[in-house]
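See structure below.
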Amino acid sequence: MSSKLARTRIVDIAREAGVSTATVDRVLNRRPGVRETTVQRVLKIAGKLDYLPEASLFESLRPKPLRLTFLLPSGTNRYLRMLGDMVSSSEEHLSPFNVRCRSYFIEGFNPDVLAERLLYHGRRADGVAFMALEHPRVREAVATLADEGIPVVTLVSDLTHSRRVAYVGLDNRAAGRTAGLIVGRFAGGRGAVALIAGSRAYRGHEEREVGFLSLMSEMFPAMRVVGLREGQDDAEKNRKETRQLLEQFPDLVGIYNIGGGADGVALALKDAGRDQKIVLVGHGLTPDTRSLLIDGAMDAVLTQPPLSVVMNSVRIFCNLRDKRDPLAGVEALRISVVFRENLP
């Protein structure tokens, strides 16, 4: 098409649509500043006059993709790394939703950094999903985004009394109770048991601890819970904490690893020659925890499929875009318990 013919056709479109050529140019190049009704009228006339091929017309009529951002803690938690990778590699699953997703890994245990990154990335997206720390600064950042019309979804760990629109993750109290039942049964209902968390600043980790303790109190009163250590989901820190537990409590019979870094716990048990004697239950089916299940160093893994977490989050944001209830069509995530004998 010659430049002269192109100019003529733009003039034709403008005349029939009753708008200026500048408005037509903004519409055809998808620039802002034109009312939606005018955009639709210009595009229909452009199609009628064969200015745009059918494929181009369809693409122009299609709404811009929803820009979604996922913020996850950096570090050695392999399940969270898998979750971030799933966001980046789920284009095939997400194409029907007309969304574009990006994931960023940020410092996971600093509420000031998390709040600052939440505001920074949230203001550059149409929605943001993140793993929350229980802290006033984080809660205030969520409220600020809500005031600016940017919806926020919490992942894996929720945020109390906040203005997030939804939570995507397990019932963490139920997960803790499930872990307590497995540890108590497998360990014979007697002896000392310990917990290792990433941080109590994660509401999800605190809820798992509460669930575990309540189950132990109800069903295994002869077992001693010797406290909770925080390893920040770091394998080497978890290895160090486990060594100290073994030295301090010779009658240790079970460990519940609430967060990530289960390989560090298993290494400490192997170093002491007790990996086949002490019950170890943790979270997140990854290549590492899978290997630990197979060699017997780990007894059970509580998990949720990363793809389900991503898809549920996307559905919530799309529901908001389409003026539906946020949870319409979103199924609650169920706890999957994986043993060596039922590995998928």
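Following the order of the structure tokens, chains are lettered A, B, ..., residues in each are numbered from 1, and ligands are numbered from 1.
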Exercise. Hey, what's within 10 Å of Asn77 (chain A) if we count only C-alpha atoms and toss same-chain stuff fewer than 6 positions away? As a PyMOL selection string, please?
Worked result: chain A and resi 198+232-235+259-262+284+286
For this session: Take CA of Ile196 (chain A) and CA of Gln248 (chain A) and report the distance between them in Å, one decimal.
Result: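 Between these atoms lies a distance of 14.8 Å.
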For this session: For region 16-29 of chain A, list every protein, DNA or RNA residue within 8 Å, evaluated using only C-alpha atoms, and leave out those in the same chain fewer than 4 positions away; present the list as a list in words.
Result: Ile10, Val11, Asp12, Gly33, Val34, Val39, Arg41, Val42, Leu43, Ile45 and Ser60 of chain A
Seminar exercise, completed: Atom pair CA of Phe339 (chain A) + CA of Leu280 (chain A), distance 11.3 Å
Problem set entry | Filtered DSSP result for region 251-291 of chain A, state strand (DSSP E or B), as a list in words |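 After running DSSP on the backbone, region 251-291 of chain A has strand (DSSP E or B) at Leu252, Val253, Gly254, Ile255, Tyr256, Asn257, Val279, Leu280, Val281, Gly282 and His283 of chain A.
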Exercise. Using only C-alpha atoms, which residues sit within 10 Å of Ser89 (chain A) once same-chain residues fewer than 6 positions away are excluded, as a PyMOL selection string?
Worked result: chain A and resi 83+101-102+307
Selected residues, all heavy atoms, written as a PDB file, in the first residue's frame, please.
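Dumped to part_30.pdb:
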```pdb
ATOM      1  N   LEU A  83       7.718 -22.215  41.711  1.00  0.00           N
ATOM      2  CA  LEU A  83       6.517 -21.410  41.522  1.00  0.00           C
ATOM      3  C   LEU A  83       6.813 -20.218  40.611  1.00  0.00           C
ATOM      4  O   LEU A  83       6.045 -19.912  39.686  1.00  0.00           O
ATOM      5  CB  LEU A  83       5.997 -20.933  42.877  1.00  0.00           C
ATOM      6  CG  LEU A  83       4.694 -20.131  42.895  1.00  0.00           C
ATOM      7  CD1 LEU A  83       3.565 -20.901  42.240  1.00  0.00           C
ATOM      8  CD2 LEU A  83       4.328 -19.775  44.334  1.00  0.00           C
ATOM      9  N   CYS A 101       2.210 -12.425  32.492  1.00  0.00           N
ATOM     10  CA  CYS A 101       2.684 -12.587  33.870  1.00  0.00           C
ATOM     11  C   CYS A 101       4.201 -12.503  33.934  1.00  0.00           C
ATOM     12  O   CYS A 101       4.900 -13.036  33.060  1.00  0.00           O
ATOM     13  CB  CYS A 101       2.228 -13.932  34.435  1.00  0.00           C
ATOM     14  SG  CYS A 101       0.439 -14.114  34.525  1.00  0.00           S
ATOM     15  N   ARG A 102       4.679 -11.866  34.974  1.00  0.00           N
ATOM     16  CA  ARG A 102       6.117 -11.819  35.238  1.00  0.00           C
ATOM     17  C   ARG A 102       6.338 -12.122  36.716  1.00  0.00           C
ATOM     18  O   ARG A 102       5.502 -11.779  37.566  1.00  0.00           O
ATOM     19  CB  ARG A 102       6.700 -10.446  34.896  1.00  0.00           C
ATOM     20  CG  ARG A 102       6.556 -10.044  33.445  1.00  0.00           C
ATOM     21  CD  ARG A 102       7.369  -8.806  33.119  1.00  0.00           C
ATOM     22  NE  ARG A 102       8.806  -9.057  33.229  1.00  0.00           N
ATOM     23  CZ  ARG A 102       9.745  -8.143  32.975  1.00  0.00           C
ATOM     24  NH1 ARG A 102       9.384  -6.914  32.628  1.00  0.00           N
ATOM     25  NH2 ARG A 102      11.026  -8.431  33.088  1.00  0.00           N
ATOM     26  N   LEU A 307       1.346 -25.018  39.547  1.00  0.00           N
ATOM     27  CA  LEU A 307       0.479 -24.545  38.468  1.00  0.00           C
ATOM     28  C   LEU A 307      -0.890 -24.145  38.996  1.00  0.00           C
ATOM     29  O   LEU A 307      -1.487 -23.163  38.530  1.00  0.00           O
ATOM     30  CB  LEU A 307       0.342 -25.618  37.387  1.00  0.00           C
ATOM     31  CG  LEU A 307      -0.515 -25.228  36.171  1.00  0.00           C
ATOM     32  CD1 LEU A 307       0.056 -23.993  35.481  1.00  0.00           C
ATOM     33  CD2 LEU A 307      -0.614 -26.392  35.191  1.00  0.00           C
TER      34      LEU A 307
END
```
Exercise. Which residues come within 8 Å of Leu228 (chain A), counting only C-alpha atoms, excluding same-chain residues fewer than 2 positions away, as a list in words?
Worked result: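 My list of contacting residues is Ala194, Leu195, Ile196, Ala197, Val226 and Glu230 of chain A.
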Using only C-alpha atoms, find each residue of region 264-340 of chain A with at least one atom at most 12 Å away from an atom of region 122-127 of chain A; report its shortest atom-to-atom pair and that distance in Å (one decimal), sort the rows by chain and rising residue number, and return the result as CSV.
```
residue,atom,partner,partner_atom,distance
A:Ser313,CA,A:Gly127,CA,9.8
A:Val314,CA,A:Gly127,CA,9.4
A:Arg315,CA,A:Gly127,CA,11.7
A:Ile316,CA,A:Gly127,CA,9.9
A:Phe317,CA,A:Gly127,CA,6.8
A:Cys318,CA,A:Gly127,CA,9.7
A:Asn319,CA,A:Gly127,CA,11.8
A:Leu320,CA,A:Gly127,CA,9.7
A:Arg321,CA,A:Asp126,CA,9.2
```
Output N, CA and C atoms for every residue in the selection just made, as a compact mmCIF listing (two decimals), in the first residue's frame.
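result_22.txt, written as the output of this step:
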```
# COMPACT_ATOMS: atom_id res chain seq x y z
N SER A 313 -4.59 -17.72 40.93
CA SER A 313 -4.29 -16.29 41.03
C SER A 313 -4.75 -15.55 39.77
N VAL A 314 -4.45 -16.13 38.61
CA VAL A 314 -4.84 -15.50 37.35
C VAL A 314 -6.36 -15.41 37.23
N ARG A 315 -7.05 -16.47 37.61
CA ARG A 315 -8.52 -16.45 37.55
C ARG A 315 -9.10 -15.34 38.41
N ILE A 316 -8.52 -15.13 39.59
CA ILE A 316 -9.01 -14.08 40.48
C ILE A 316 -8.86 -12.71 39.84
N PHE A 317 -7.69 -12.43 39.27
CA PHE A 317 -7.47 -11.14 38.62
C PHE A 317 -8.39 -10.96 37.41
N CYS A 318 -8.59 -12.02 36.66
CA CYS A 318 -9.49 -11.94 35.49
C CYS A 318 -10.93 -11.73 35.93
N ASN A 319 -11.34 -12.35 37.02
CA ASN A 319 -12.68 -12.11 37.55
C ASN A 319 -12.87 -10.64 37.90
N LEU A 320 -11.87 -10.04 38.51
CA LEU A 320 -11.94 -8.63 38.86
C LEU A 320 -12.03 -7.77 37.60
N ARG A 321 -11.23 -8.11 36.60
CA ARG A 321 -11.26 -7.37 35.33
C ARG A 321 -12.65 -7.44 34.69
```
Problem set entry | Selection: 9 Å around Ala266 (chain A), only C-alpha atoms, excl. self and same-chain fewer than 5 positions, as a PyMOL selection string | chain A and resi 239+242+271+275+280+292+297-298
